[in-house]
>>> print(open('my_file.cif').read())   # mmCIF, C-alpha atoms and all ligand atoms
data_my_file
#
loop_
_atom_site.label_atom_id
_atom_site.label_comp_id
_atom_site.auth_asym_id
_atom_site.auth_seq_id
_atom_site.Cartn_x
_atom_site.Cartn_y
_atom_site.Cartn_z
CA MET A 123 60.03 -99.40 -164.15
CA GLN A 124 57.91 -101.49 -166.46
CA GLU A 125 58.37 -100.72 -170.13
CA VAL A 126 55.47 -101.60 -172.43
CA ALA A 127 57.23 -100.52 -175.62
CA SER A 128 59.98 -98.07 -176.49
CA ASP A 129 59.53 -95.07 -174.16
CA ILE A 130 56.11 -96.23 -173.01
CA TYR A 131 55.87 -97.19 -169.34
CA TYR A 132 53.24 -98.82 -167.13
CA VAL A 133 52.39 -96.83 -163.99
CA GLY A 134 49.13 -98.58 -163.06
CA VAL A 135 48.17 -100.38 -159.85
CA ASN A 136 46.39 -103.51 -158.68
CA ASP A 137 43.27 -103.26 -156.53
CA HIS A 138 42.71 -106.15 -154.12
CA LEU A 139 40.72 -104.04 -151.66
CA THR A 140 37.50 -103.33 -153.49
CA GLU A 141 34.92 -106.08 -153.02
CA LEU A 142 32.38 -104.86 -155.55
CA PHE A 143 33.41 -103.10 -158.75
CA GLU A 144 31.04 -100.17 -159.34
CA GLY A 145 29.53 -101.17 -155.99
CA LEU A 146 27.85 -104.06 -157.82
CA TRP A 147 30.12 -106.72 -159.21
CA PRO A 148 32.33 -109.01 -157.08
CA ILE A 149 36.02 -108.97 -157.97
CA PRO A 150 37.54 -111.73 -155.83
CA GLU A 151 40.63 -111.77 -158.04
CA GLY A 152 40.95 -107.97 -157.98
CA VAL A 153 41.24 -105.57 -160.88
CA SER A 154 43.98 -103.38 -162.26
CA TYR A 155 43.81 -99.69 -163.08
CA ASN A 156 46.27 -99.29 -165.93
CA SER A 157 47.93 -95.96 -166.52
CA TYR A 158 50.74 -95.26 -168.96
CA VAL A 159 53.48 -92.74 -169.58
CA VAL A 160 54.43 -91.97 -173.20
CA LYS A 161 57.68 -90.11 -173.76
CA GLY A 162 58.76 -88.09 -176.76
CA GLU A 163 60.43 -84.74 -176.44
CA LYS A 164 57.33 -84.02 -174.40
CA THR A 165 55.73 -86.43 -171.94
CA ALA A 166 52.13 -87.55 -171.75
CA LEU A 167 50.39 -89.52 -169.04
CA ILE A 168 47.41 -91.59 -170.11
CA GLU A 169 44.74 -91.72 -167.38
CA THR A 170 45.07 -92.07 -163.63
CA VAL A 171 43.85 -94.71 -161.12
CA LYS A 172 41.16 -95.04 -158.47
CA VAL A 173 42.02 -92.68 -155.64
CA PRO A 174 42.60 -95.17 -152.78
CA PHE A 175 45.72 -96.18 -154.71
CA VAL A 176 46.94 -92.66 -155.49
CA ASP A 177 50.09 -92.78 -153.36
CA GLU A 178 51.38 -95.92 -155.05
CA PHE A 179 50.43 -94.41 -158.40
CA LEU A 180 52.21 -91.10 -157.79
CA LYS A 181 55.33 -92.91 -156.65
CA LYS A 182 55.46 -94.80 -159.93
CA VAL A 183 54.75 -91.66 -161.94
CA GLU A 184 57.54 -89.83 -160.15
CA GLU A 185 60.00 -92.67 -160.82
CA VAL A 186 59.27 -92.57 -164.53
CA THR A 187 58.78 -88.83 -165.09
CA SER A 188 60.13 -86.92 -162.05
CA PHE A 189 56.78 -85.18 -162.46
CA ASN A 190 57.86 -83.59 -165.72
CA ILE A 191 54.56 -84.16 -167.44
CA ASP A 192 53.31 -81.93 -170.23
CA TYR A 193 50.00 -83.60 -170.99
CA ILE A 194 47.45 -85.72 -169.14
CA ILE A 195 45.20 -87.63 -171.50
CA MET A 196 41.85 -88.54 -169.98
CA ASN A 197 40.21 -91.12 -172.21
CA HIS A 198 37.37 -91.61 -169.71
CA ILE A 199 36.15 -89.75 -166.64
CA GLU A 200 34.59 -92.59 -164.64
CA PRO A 201 36.31 -92.30 -161.24
CA ASP A 202 38.21 -95.59 -161.57
CA HIS A 203 40.15 -93.66 -164.25
CA SER A 204 40.02 -90.13 -162.98
CA SER A 205 39.74 -89.89 -159.20
CA SER A 206 43.49 -89.42 -158.68
CA LEU A 207 43.56 -86.47 -161.04
CA LEU A 208 43.34 -83.72 -158.41
CA ARG A 209 46.21 -85.23 -156.44
CA LEU A 210 48.23 -85.58 -159.64
CA LEU A 211 47.58 -81.94 -160.55
CA GLU A 212 49.09 -80.87 -157.23
CA LYS A 213 52.36 -82.35 -158.57
CA VAL A 214 52.01 -81.13 -162.16
CA PRO A 215 49.86 -77.99 -162.00
CA ASN A 216 50.83 -76.81 -165.47
CA ALA A 217 50.06 -80.02 -167.32
CA ILE A 218 47.45 -79.69 -170.05
CA ILE A 219 44.55 -82.12 -169.85
CA LEU A 220 43.39 -83.51 -173.18
CA CYS A 221 39.90 -84.98 -173.36
CA SER A 222 36.68 -85.02 -175.36
CA LYS A 223 34.14 -82.20 -175.24
CA LYS A 224 31.77 -84.21 -173.03
CA ALA A 225 34.64 -85.14 -170.72
CA GLU A 226 35.42 -81.45 -170.24
CA GLY A 227 32.00 -80.95 -168.67
CA MET A 228 32.40 -84.03 -166.50
CA LEU A 229 35.75 -82.81 -165.15
CA ASN A 230 33.97 -79.70 -163.96
CA THR A 231 31.01 -81.63 -162.53
CA LEU A 232 33.10 -84.15 -160.64
CA TYR A 233 36.22 -82.20 -159.69
CA ARG A 234 35.57 -78.50 -160.53
CA ILE A 235 38.52 -78.68 -162.93
CA THR A 236 38.03 -75.97 -165.57
CA GLU A 237 41.51 -74.81 -166.51
CA ASN A 238 44.33 -76.12 -168.68
CA ILE A 239 41.93 -78.33 -170.65
CA ARG A 240 42.34 -78.89 -174.38
CA VAL A 241 39.34 -80.51 -176.03
CA VAL A 242 40.17 -82.98 -178.81
CA GLY A 243 37.93 -84.57 -181.42
CA GLU A 244 37.91 -87.50 -183.81
CA GLY A 245 41.27 -87.94 -185.53
CA ASP A 246 42.98 -85.05 -183.74
CA THR A 247 46.64 -85.57 -182.99
CA LEU A 248 49.14 -84.56 -180.36
CA ASP A 249 52.75 -84.09 -181.37
CA LEU A 250 55.02 -85.14 -178.53
CA GLY A 251 58.15 -84.47 -180.57
CA GLY A 252 59.42 -87.63 -182.19
CA ARG A 253 56.08 -89.37 -181.83
CA THR A 254 52.44 -88.55 -182.37
CA LEU A 255 49.30 -89.62 -180.59
CA THR A 256 45.94 -89.80 -182.38
CA PHE A 257 42.55 -89.66 -180.65
CA PHE A 258 39.48 -91.58 -181.68
CA MET A 259 36.12 -90.90 -180.12
CA ASP A 260 34.63 -94.07 -178.64
CA PRO A 261 31.26 -92.98 -177.22
CA LEU A 262 29.48 -95.36 -174.87
CA VAL A 263 32.37 -97.75 -174.49
CA HIS A 264 31.74 -97.15 -171.78
CA TRP A 265 30.41 -93.62 -171.09
CA PRO A 266 29.43 -91.02 -173.71
CA GLU A 267 32.66 -89.03 -173.29
CA THR A 268 35.00 -91.97 -173.82
CA MET A 269 37.83 -91.89 -176.34
CA ILE A 270 40.82 -94.03 -177.17
CA THR A 271 44.38 -92.99 -177.89
CA TYR A 272 46.77 -94.45 -180.45
CA ASP A 273 50.55 -94.14 -180.47
CA ASN A 274 51.61 -93.94 -184.10
CA GLN A 275 55.22 -94.83 -183.45
CA GLU A 276 54.91 -98.09 -181.53
CA LYS A 277 51.35 -98.81 -182.82
CA VAL A 278 49.96 -99.03 -179.31
CA LEU A 279 46.22 -98.68 -178.78
CA PHE A 280 45.34 -97.28 -175.36
CA SER A 281 41.85 -98.69 -175.51
CA CYS A 282 40.40 -97.54 -172.19
CA ASP A 283 37.58 -99.87 -171.01
CA ALA A 284 37.50 -101.71 -174.35
CA PHE A 285 39.47 -104.98 -174.41
CA GLY A 286 39.60 -104.90 -170.61
CA SER A 287 38.89 -107.48 -167.94
CA TYR A 288 38.60 -108.04 -164.22
CA LYS A 289 41.56 -109.72 -162.46
CA ALA A 290 44.58 -107.95 -161.10
CA LEU A 291 47.93 -108.22 -162.88
CA ASP A 292 49.57 -110.37 -160.21
CA PHE A 293 51.34 -112.71 -162.63
CA GLY A 294 52.70 -110.20 -165.12
CA LEU A 295 51.43 -107.29 -167.16
CA PHE A 296 51.59 -108.88 -170.58
CA ASP A 297 50.23 -111.78 -172.56
CA ASP A 298 53.86 -112.75 -173.11
CA SER A 299 54.66 -112.85 -169.39
CA CYS A 300 51.75 -114.98 -168.15
CA ASP A 301 49.25 -117.45 -169.53
CA PRO A 302 46.50 -115.28 -171.08
CA ASP A 303 44.01 -118.13 -170.67
CA ILE A 304 43.75 -117.25 -166.98
CA PHE A 305 41.99 -114.03 -168.02
CA PHE A 306 39.42 -115.71 -170.28
CA GLU A 307 36.54 -116.15 -167.82
CA GLU A 308 37.09 -112.81 -166.12
CA THR A 309 37.11 -111.04 -169.48
CA ILE A 310 33.70 -112.50 -170.27
CA ARG A 311 32.39 -111.54 -166.84
CA TYR A 312 33.76 -107.98 -167.13
CA PHE A 313 32.25 -107.60 -170.58
CA SER A 314 28.84 -109.00 -169.64
CA ASN A 315 28.65 -106.96 -166.43
CA ILE A 316 30.08 -103.64 -167.58
CA VAL A 317 30.02 -103.29 -171.34
CA ALA A 318 27.13 -105.56 -172.36
CA LYS A 319 24.54 -102.82 -172.52
CA TYR A 320 26.62 -101.05 -175.15
CA VAL A 321 27.44 -103.85 -177.60
CA LYS A 322 26.17 -101.76 -180.50
CA TYR A 323 28.82 -99.17 -179.72
CA VAL A 324 31.51 -101.79 -179.16
CA LYS A 325 30.83 -103.03 -182.68
CA LYS A 326 31.06 -99.49 -184.06
CA ALA A 327 34.37 -99.02 -182.27
CA MET A 328 35.71 -102.27 -183.70
CA GLU A 329 34.70 -101.19 -187.21
CA LYS A 330 36.43 -97.87 -186.71
CA LEU A 331 39.65 -99.62 -185.71
CA GLU A 332 39.64 -101.95 -188.71
CA GLY A 333 42.65 -101.14 -190.85
CA LEU A 334 44.56 -99.53 -187.99
CA ASP A 335 47.96 -101.14 -187.55
CA ILE A 336 47.79 -102.33 -183.94
CA LYS A 337 50.87 -104.00 -182.46
CA ILE A 338 49.92 -103.63 -178.78
CA ILE A 339 46.59 -103.24 -177.01
CA ALA A 340 46.98 -101.48 -173.68
CA PRO A 341 43.58 -101.33 -171.96
CA ALA A 342 42.64 -99.57 -168.73
CA HIS A 343 41.97 -102.87 -166.96
CA GLY A 344 43.59 -106.26 -167.33
CA LEU A 345 46.28 -107.75 -169.47
CA ILE A 346 48.36 -105.80 -172.01
CA TRP A 347 48.32 -107.65 -175.31
CA ARG A 348 51.61 -107.38 -177.19
CA LYS A 349 52.36 -110.97 -178.23
CA ASP A 350 48.99 -111.62 -179.84
CA PRO A 351 46.64 -108.58 -179.75
CA GLN A 352 44.41 -110.25 -182.31
CA ARG A 353 43.44 -112.75 -179.64
CA ILE A 354 41.66 -110.18 -177.48
CA ILE A 355 40.22 -108.50 -180.59
CA ASP A 356 38.73 -111.83 -181.70
CA LEU A 357 37.33 -112.48 -178.23
CA TYR A 358 35.72 -109.04 -178.13
CA ILE A 359 34.22 -109.59 -181.58
CA ARG A 360 32.60 -112.78 -180.25
CA LEU A 361 31.51 -111.06 -177.07
CA SER A 362 29.92 -108.20 -178.95
CA ASP A 363 27.97 -110.82 -180.92
CA ARG A 364 26.73 -112.05 -177.51
CA MET A 365 29.01 -115.09 -177.72
CA ALA A 366 26.45 -117.91 -177.43
CA LEU A 367 28.82 -120.89 -177.39
CA PRO A 368 27.28 -124.38 -177.55
CA GLY A 369 26.47 -125.24 -173.96
CA VAL A 370 23.85 -124.69 -171.30
CA THR A 371 23.66 -122.68 -168.09
CA VAL A 372 21.29 -124.18 -165.55
CA ILE A 373 20.22 -121.68 -162.91
CA TRP A 374 17.94 -122.87 -160.18
CA GLY A 375 16.40 -121.81 -156.88
CA SER A 376 14.31 -123.77 -154.41
CA MET A 377 12.52 -122.94 -151.16
CA TYR A 378 11.80 -126.41 -149.77
CA GLY A 379 13.67 -128.77 -152.08
CA ASN A 380 11.00 -129.72 -154.60
CA THR A 381 12.32 -127.72 -157.55
CA ALA A 382 15.81 -128.87 -156.50
CA LYS A 383 14.85 -132.52 -157.12
CA VAL A 384 14.64 -131.80 -160.85
CA VAL A 385 18.08 -130.22 -161.35
CA ASN A 386 20.15 -133.40 -161.71
CA HIS A 387 17.76 -134.81 -164.28
CA VAL A 388 18.03 -131.68 -166.42
CA VAL A 389 21.82 -131.80 -166.12
CA ASP A 390 21.92 -135.49 -167.08
CA GLY A 391 19.96 -134.71 -170.23
CA ILE A 392 22.38 -131.91 -171.17
CA LYS A 393 25.39 -134.15 -170.59
CA GLU A 394 23.95 -136.82 -172.86
CA GLU A 395 24.26 -134.30 -175.69
CA GLY A 396 27.95 -133.76 -174.88
CA VAL A 397 27.90 -129.97 -174.46
CA PRO A 398 29.35 -128.03 -171.51
CA VAL A 399 27.00 -127.27 -168.64
CA THR A 400 27.34 -124.78 -165.81
CA VAL A 401 25.04 -125.08 -162.79
CA LEU A 402 24.38 -121.96 -160.71
CA ASN A 403 21.99 -121.15 -157.89
CA PHE A 404 19.71 -118.11 -157.72
CA SER A 405 20.07 -117.92 -153.94
CA LYS A 406 23.80 -118.50 -153.60
CA ASP A 407 25.55 -117.25 -156.72
CA HIS A 408 25.92 -113.56 -157.46
CA LEU A 409 24.06 -112.15 -160.45
CA SER A 410 27.41 -111.16 -161.92
CA TYR A 411 28.13 -114.85 -162.55
CA LEU A 412 24.59 -115.66 -163.72
CA ILE A 413 24.80 -112.91 -166.33
CA LYS A 414 28.27 -113.97 -167.37
CA GLU A 415 27.38 -117.62 -167.97
CA THR A 416 24.20 -116.62 -169.79
CA TRP A 417 26.32 -114.43 -172.05
CA LYS A 418 28.72 -117.27 -172.66
CA TYR A 419 26.39 -120.13 -173.59
CA LYS A 420 23.53 -120.26 -176.05
CA GLY A 421 21.34 -122.46 -173.83
CA VAL A 422 19.71 -121.56 -170.52
CA ILE A 423 17.47 -123.65 -168.29
CA LEU A 424 15.84 -121.82 -165.42
CA GLY A 425 14.29 -123.67 -162.48
CA PHE A 426 12.42 -121.88 -159.70
CA PRO A 427 9.22 -122.08 -157.67
CA VAL A 428 6.34 -119.63 -157.60
CA TYR A 429 6.70 -116.77 -155.14
CA ASP A 430 4.01 -114.14 -154.49
CA GLY A 431 2.17 -115.35 -157.56
CA GLY A 432 5.18 -114.79 -159.83
CA PRO A 433 8.72 -116.05 -160.36
CA PHE A 434 10.99 -116.69 -157.34
CA LEU A 435 12.28 -113.25 -156.36
CA ASN A 436 15.92 -113.73 -157.31
CA ALA A 437 14.80 -115.14 -160.67
CA SER A 438 12.74 -111.97 -161.18
CA TYR A 439 15.81 -109.85 -160.58
CA TYR A 440 17.78 -111.97 -163.04
CA LEU A 441 15.02 -111.60 -165.65
CA HIS A 442 15.05 -107.85 -165.08
CA LEU A 443 18.81 -107.69 -165.47
CA ILE A 444 19.03 -109.65 -168.72
CA LYS A 445 16.63 -107.11 -170.16
CA ARG A 446 18.73 -104.22 -168.87
CA LYS A 447 21.78 -105.87 -170.43
CA ASP A 448 19.87 -106.51 -173.67
CA LEU A 449 20.92 -110.15 -173.57
CA ARG A 450 19.24 -111.52 -176.68
CA GLU A 451 18.70 -114.73 -178.62
CA ARG A 452 19.03 -117.64 -176.24
CA VAL A 453 17.32 -121.02 -176.16
CA VAL A 454 15.60 -121.44 -172.82
CA GLY A 455 13.72 -124.11 -170.89
CA PHE A 456 11.86 -123.76 -167.59
CA PHE A 457 10.96 -126.01 -164.69
CA GLY A 458 9.64 -125.38 -161.19
CA SER A 459 7.23 -126.24 -158.42
CA SER A 460 4.03 -124.45 -157.50
CA MET A 461 1.32 -125.06 -154.86
CA TRP A 462 -1.73 -122.84 -154.82
CA SER A 463 -0.72 -120.35 -157.50
CA GLY A 464 0.78 -121.24 -160.87
CA ARG A 465 1.89 -119.48 -164.04
CA ALA A 466 5.25 -118.22 -162.74
CA LEU A 467 7.04 -119.97 -165.57
CA LYS A 468 4.61 -118.56 -168.13
CA GLN A 469 5.26 -115.04 -166.82
CA ALA A 470 9.01 -115.60 -167.13
CA ALA A 471 8.69 -117.13 -170.61
CA ASP A 472 6.70 -114.09 -171.78
CA GLN A 473 9.45 -111.81 -170.49
CA VAL A 474 12.30 -113.56 -172.27
CA GLN A 475 10.39 -113.80 -175.54
CA GLU A 476 10.63 -110.01 -175.68
CA LEU A 477 14.39 -110.58 -175.96
CA ASP A 478 13.96 -113.05 -178.85
CA TRP A 479 14.68 -116.03 -176.64
CA GLU A 480 13.32 -119.32 -178.03
CA VAL A 481 11.26 -120.98 -175.31
CA VAL A 482 11.30 -124.77 -175.36
CA GLU A 483 7.89 -126.29 -174.57
CA PRO A 484 6.47 -127.65 -172.38
CA LEU A 485 7.11 -125.38 -169.41
CA LEU A 486 7.64 -127.93 -166.65
CA GLU A 487 5.57 -126.34 -163.88
CA PHE A 488 4.37 -129.05 -161.49
CA LYS A 489 2.32 -129.10 -158.29
CA GLY A 490 4.25 -129.92 -155.12
CA SER A 491 6.99 -132.47 -155.67
CA PRO A 492 7.95 -133.74 -159.12
CA SER A 493 6.49 -137.03 -160.37
CA ASP A 494 8.59 -139.62 -162.20
CA GLU A 495 7.00 -138.40 -165.41
CA ILE A 496 8.16 -134.82 -164.70
CA LEU A 497 11.67 -136.07 -163.94
CA GLU A 498 11.75 -137.89 -167.27
CA GLN A 499 10.47 -134.78 -169.05
CA ALA A 500 13.17 -132.74 -167.28
CA LYS A 501 15.84 -134.98 -168.77
CA GLU A 502 14.31 -134.53 -172.19
CA LEU A 503 14.22 -130.76 -171.62
CA GLY A 504 17.97 -130.86 -170.94
CA ARG A 505 18.58 -132.88 -174.11
CA THR A 506 16.44 -130.58 -176.25
CA VAL A 507 17.99 -127.30 -175.11
CA ALA A 508 21.51 -128.77 -175.37
CA ARG A 509 20.81 -130.07 -178.89
CA LYS A 510 19.54 -126.69 -180.03
CA THR A 511 22.72 -124.97 -178.86
CA LYS A 512 24.68 -127.12 -181.32
CA GLU A 513 22.60 -126.09 -184.33
FE1 LIG B 601 36.94 -98.50 -166.16
FE2 LIG B 601 34.04 -97.19 -167.35
O1 LIG B 601 35.40 -97.45 -166.12
#
>>> encode(input="my_file.cif", output="structure tokens", more="lines below")
Ligand code: FEO
Amino acid sequence: MQEVASDIYYVGVNDHLTELFEGLWPIPEGVSYNSYVVKGEKTALIETVKVPFVDEFLKKVEEVTSFNIDYIIMNHIEPDHSSSLLRLLEKVPNAIILCSKKAEGMLNTLYRITENIRVVGEGDTLDLGGRTLTFFMDPLVHWPETMITYDNQEKVLFSCDAFGSYKALDFGLFDDSCDPDIFFEETIRYFSNIVAKYVKYVKKAMEKLEGLDIKIIAPAHGLIWRKDPQRIIDLYIRLSDRMALPGVTVIWGSMYGNTAKVVNHVVDGIKEEGVPVTVLNFSKDHLSYLIKETWKYKGVILGFPVYDGGPFLNASYYLHLIKRKDLRERVVGFFGSSMWSGRALKQAADQVQELDWEVVEPLLEFKGSPSDEILEQAKELGRTVARKTKE
């Protein structure tokens, strides 16, 4: 039995089976589905887990509650939170489900659950006898029905997808039982992959929580923050400002090795300016990581050849995705080889300018293999982009 705070217990599970979260994003270090039991005179369960893990989940719930559960609080209906609900209801058929109005409709759509539902709204409370829970609507962090739940006694914020991360809880549940630094990169990747589109709403949620006395942040995924909850709050504030640390992400692709010849020269230029640099490959590295590094650093240098008269295909997909994720305000440079058709870099530059990216000139599009002059210009491109990220 893992106690989070007085009469609050963790009943979540680790997922090391799923390869792609949401069918899209690699999770080589797994992910956790965090569920919690809150006990007063009455007992509430906060969310469930993804259904492949339902047996492990129900075993934990039984240990903590003997299936004496009065309320099931569904902050979010996405199936990684809700798909064990039907199996849970077999054990606790009289439990009342509390959720937002929009969630009520989703429970019907997904599971045909229509009974024993109590709809709650902004600021509504639930008296458990000896402790009270308060509900705050948190639309679009990450679906429109999402809400968060606050335990007034122990000052625990059950924040749902907000303040979450990838990475299973193999080394402890809490920031006081493992080194929280090991979650840093996977928090950025989770945010940029899952929540990025909704930064406006993340900011609104953060404003709403200002002034709330929060001692523990208990998200639906990742570490529980009870030693230093301000640390994850501060990181999320930075993430919702699109982070943009000084540093440069170089992402390149090459068909026959000509564009590849430029990469080291760009990297050398960046290093001369003393900022961090990450080098990724359009053909080998998953978009999840390309998006994450682009979210992290202010500078981006993209290298790719022409393909079908436009940018290299994987670069096109990347350019499409940064628009979908509304990834704004970067400093970007371009380089790449062409043969009989040019202007791929110009097409890409036009696309990113729509996102308020500052394009560093010249665009280094060269015919065939790069000349010594191009290699020298590539180094200068690296220096220039790196310098601008420090401004
Ligand atoms: Fe953790 Fe939006 O699902």
>>> closest_atom_pairs(input="my_file.cif", of="chain A", to="ligand LIG 601 (chain B)", cutoff="12 Å", atoms="all atoms listed in the file", output="Markdown table")
| residue | atom | partner | partner_atom | distance |
| --- | --- | --- | --- | --- |
| A:Phe143 | CA | B:LIG601 | FE1 | 9.4 |
| A:Glu144 | CA | B:LIG601 | O1 | 8.5 |
| A:Val153 | CA | B:LIG601 | FE1 | 9.8 |
| A:Ser154 | CA | B:LIG601 | FE1 | 9.4 |
| A:Tyr155 | CA | B:LIG601 | FE1 | 7.6 |
| A:Asn156 | CA | B:LIG601 | FE1 | 9.4 |
| A:Ser157 | CA | B:LIG601 | FE1 | 11.3 |
| A:Glu169 | CA | B:LIG601 | FE1 | 10.4 |
| A:Thr170 | CA | B:LIG601 | FE1 | 10.7 |
| A:Val171 | CA | B:LIG601 | FE1 | 9.4 |
| A:Lys172 | CA | B:LIG601 | FE1 | 9.4 |
| A:Met196 | CA | B:LIG601 | O1 | 11.7 |
| A:Asn197 | CA | B:LIG601 | FE2 | 9.9 |
| A:His198 | CA | B:LIG601 | FE2 | 6.9 |
| A:Ile199 | CA | B:LIG601 | O1 | 7.8 |
| A:Glu200 | CA | B:LIG601 | O1 | 5.1 |
| A:Pro201 | CA | B:LIG601 | O1 | 7.2 |
| A:Asp202 | CA | B:LIG601 | FE1 | 5.6 |
| A:His203 | CA | B:LIG601 | FE1 | 6.1 |
| A:Ser204 | CA | B:LIG601 | O1 | 9.2 |
| A:Ser205 | CA | B:LIG601 | O1 | 11.1 |
| A:Asp260 | CA | B:LIG601 | FE2 | 11.7 |
| A:Pro261 | CA | B:LIG601 | FE2 | 11.1 |
| A:Leu262 | CA | B:LIG601 | FE2 | 9.0 |
| A:Val263 | CA | B:LIG601 | FE2 | 7.4 |
| A:His264 | CA | B:LIG601 | FE2 | 5.0 |
| A:Trp265 | CA | B:LIG601 | FE2 | 6.3 |
| A:Pro266 | CA | B:LIG601 | FE2 | 10.0 |
| A:Glu267 | CA | B:LIG601 | FE2 | 10.2 |
| A:Thr268 | CA | B:LIG601 | FE2 | 8.4 |
| A:Met269 | CA | B:LIG601 | FE2 | 11.1 |
| A:Ser281 | CA | B:LIG601 | FE1 | 10.6 |
| A:Cys282 | CA | B:LIG601 | FE1 | 7.0 |
| A:Asp283 | CA | B:LIG601 | FE1 | 5.1 |
| A:Ala284 | CA | B:LIG601 | FE1 | 8.8 |
| A:Phe285 | CA | B:LIG601 | FE1 | 10.8 |
| A:Gly286 | CA | B:LIG601 | FE1 | 8.2 |
| A:Ser287 | CA | B:LIG601 | FE1 | 9.4 |
| A:Tyr288 | CA | B:LIG601 | FE1 | 9.9 |
| A:Tyr312 | CA | B:LIG601 | FE1 | 10.0 |
| A:Phe313 | CA | B:LIG601 | FE2 | 11.0 |
| A:Asn315 | CA | B:LIG601 | FE2 | 11.2 |
| A:Ile316 | CA | B:LIG601 | FE2 | 7.6 |
| A:Val317 | CA | B:LIG601 | FE2 | 8.3 |
| A:Ala318 | CA | B:LIG601 | FE2 | 12.0 |
| A:Tyr320 | CA | B:LIG601 | FE2 | 11.4 |
| A:Pro341 | CA | B:LIG601 | FE1 | 9.3 |
| A:Ala342 | CA | B:LIG601 | FE1 | 6.3 |
| A:His343 | CA | B:LIG601 | FE1 | 6.7 |
| A:Gly344 | CA | B:LIG601 | FE1 | 10.3 |
>>> write_last_selection(input="my_file.cif", atoms="C-alpha atoms", output="PDB file, in the frame of the given file")
ATOM      1  CA  PHE A 143      33.410-103.100-158.750  1.00  0.00           C
ATOM      2  CA  GLU A 144      31.040-100.170-159.340  1.00  0.00           C
ATOM      3  CA  VAL A 153      41.240-105.570-160.880  1.00  0.00           C
ATOM      4  CA  SER A 154      43.980-103.380-162.260  1.00  0.00           C
ATOM      5  CA  TYR A 155      43.810 -99.690-163.080  1.00  0.00           C
ATOM      6  CA  ASN A 156      46.270 -99.290-165.930  1.00  0.00           C
ATOM      7  CA  SER A 157      47.930 -95.960-166.520  1.00  0.00           C
ATOM      8  CA  GLU A 169      44.740 -91.720-167.380  1.00  0.00           C
ATOM      9  CA  THR A 170      45.070 -92.070-163.630  1.00  0.00           C
ATOM     10  CA  VAL A 171      43.850 -94.710-161.120  1.00  0.00           C
ATOM     11  CA  LYS A 172      41.160 -95.040-158.470  1.00  0.00           C
ATOM     12  CA  MET A 196      41.850 -88.540-169.980  1.00  0.00           C
ATOM     13  CA  ASN A 197      40.210 -91.120-172.210  1.00  0.00           C
ATOM     14  CA  HIS A 198      37.370 -91.610-169.710  1.00  0.00           C
ATOM     15  CA  ILE A 199      36.150 -89.750-166.640  1.00  0.00           C
ATOM     16  CA  GLU A 200      34.590 -92.590-164.640  1.00  0.00           C
ATOM     17  CA  PRO A 201      36.310 -92.300-161.240  1.00  0.00           C
ATOM     18  CA  ASP A 202      38.210 -95.590-161.570  1.00  0.00           C
ATOM     19  CA  HIS A 203      40.150 -93.660-164.250  1.00  0.00           C
ATOM     20  CA  SER A 204      40.020 -90.130-162.980  1.00  0.00           C
ATOM     21  CA  SER A 205      39.740 -89.890-159.200  1.00  0.00           C
ATOM     22  CA  ASP A 260      34.630 -94.070-178.640  1.00  0.00           C
ATOM     23  CA  PRO A 261      31.260 -92.980-177.220  1.00  0.00           C
ATOM     24  CA  LEU A 262      29.480 -95.360-174.870  1.00  0.00           C
ATOM     25  CA  VAL A 263      32.370 -97.750-174.490  1.00  0.00           C
ATOM     26  CA  HIS A 264      31.740 -97.150-171.780  1.00  0.00           C
ATOM     27  CA  TRP A 265      30.410 -93.620-171.090  1.00  0.00           C
ATOM     28  CA  PRO A 266      29.430 -91.020-173.710  1.00  0.00           C
ATOM     29  CA  GLU A 267      32.660 -89.030-173.290  1.00  0.00           C
ATOM     30  CA  THR A 268      35.000 -91.970-173.820  1.00  0.00           C
ATOM     31  CA  MET A 269      37.830 -91.890-176.340  1.00  0.00           C
ATOM     32  CA  SER A 281      41.850 -98.690-175.510  1.00  0.00           C
ATOM     33  CA  CYS A 282      40.400 -97.540-172.190  1.00  0.00           C
ATOM     34  CA  ASP A 283      37.580 -99.870-171.010  1.00  0.00           C
ATOM     35  CA  ALA A 284      37.500-101.710-174.350  1.00  0.00           C
ATOM     36  CA  PHE A 285      39.470-104.980-174.410  1.00  0.00           C
ATOM     37  CA  GLY A 286      39.600-104.900-170.610  1.00  0.00           C
ATOM     38  CA  SER A 287      38.890-107.480-167.940  1.00  0.00           C
ATOM     39  CA  TYR A 288      38.600-108.040-164.220  1.00  0.00           C
ATOM     40  CA  TYR A 312      33.760-107.980-167.130  1.00  0.00           C
ATOM     41  CA  PHE A 313      32.250-107.600-170.580  1.00  0.00           C
ATOM     42  CA  ASN A 315      28.650-106.960-166.430  1.00  0.00           C
ATOM     43  CA  ILE A 316      30.080-103.640-167.580  1.00  0.00           C
ATOM     44  CA  VAL A 317      30.020-103.290-171.340  1.00  0.00           C
ATOM     45  CA  ALA A 318      27.130-105.560-172.360  1.00  0.00           C
ATOM     46  CA  TYR A 320      26.620-101.050-175.150  1.00  0.00           C
ATOM     47  CA  PRO A 341      43.580-101.330-171.960  1.00  0.00           C
ATOM     48  CA  ALA A 342      42.640 -99.570-168.730  1.00  0.00           C
ATOM     49  CA  HIS A 343      41.970-102.870-166.960  1.00  0.00           C
ATOM     50  CA  GLY A 344      43.590-106.260-167.330  1.00  0.00           C
TER      51      GLY A 344
END
>>> atom_distance(input="my_file.cif", atom1="atom CA of Phe488 of chain A", atom2="atom CA of Ser410 of chain A")
29.2 Å
>>> residues_near_point(input="my_file.cif", point="(35.8, -113.2, -157.8)", cutoff="12 Å", atoms="only C-alpha atoms", output="PyMOL selection string")
chain A and resi 138+140-143+147-153+288-290+305+307-309+311-312+407-408+410-411
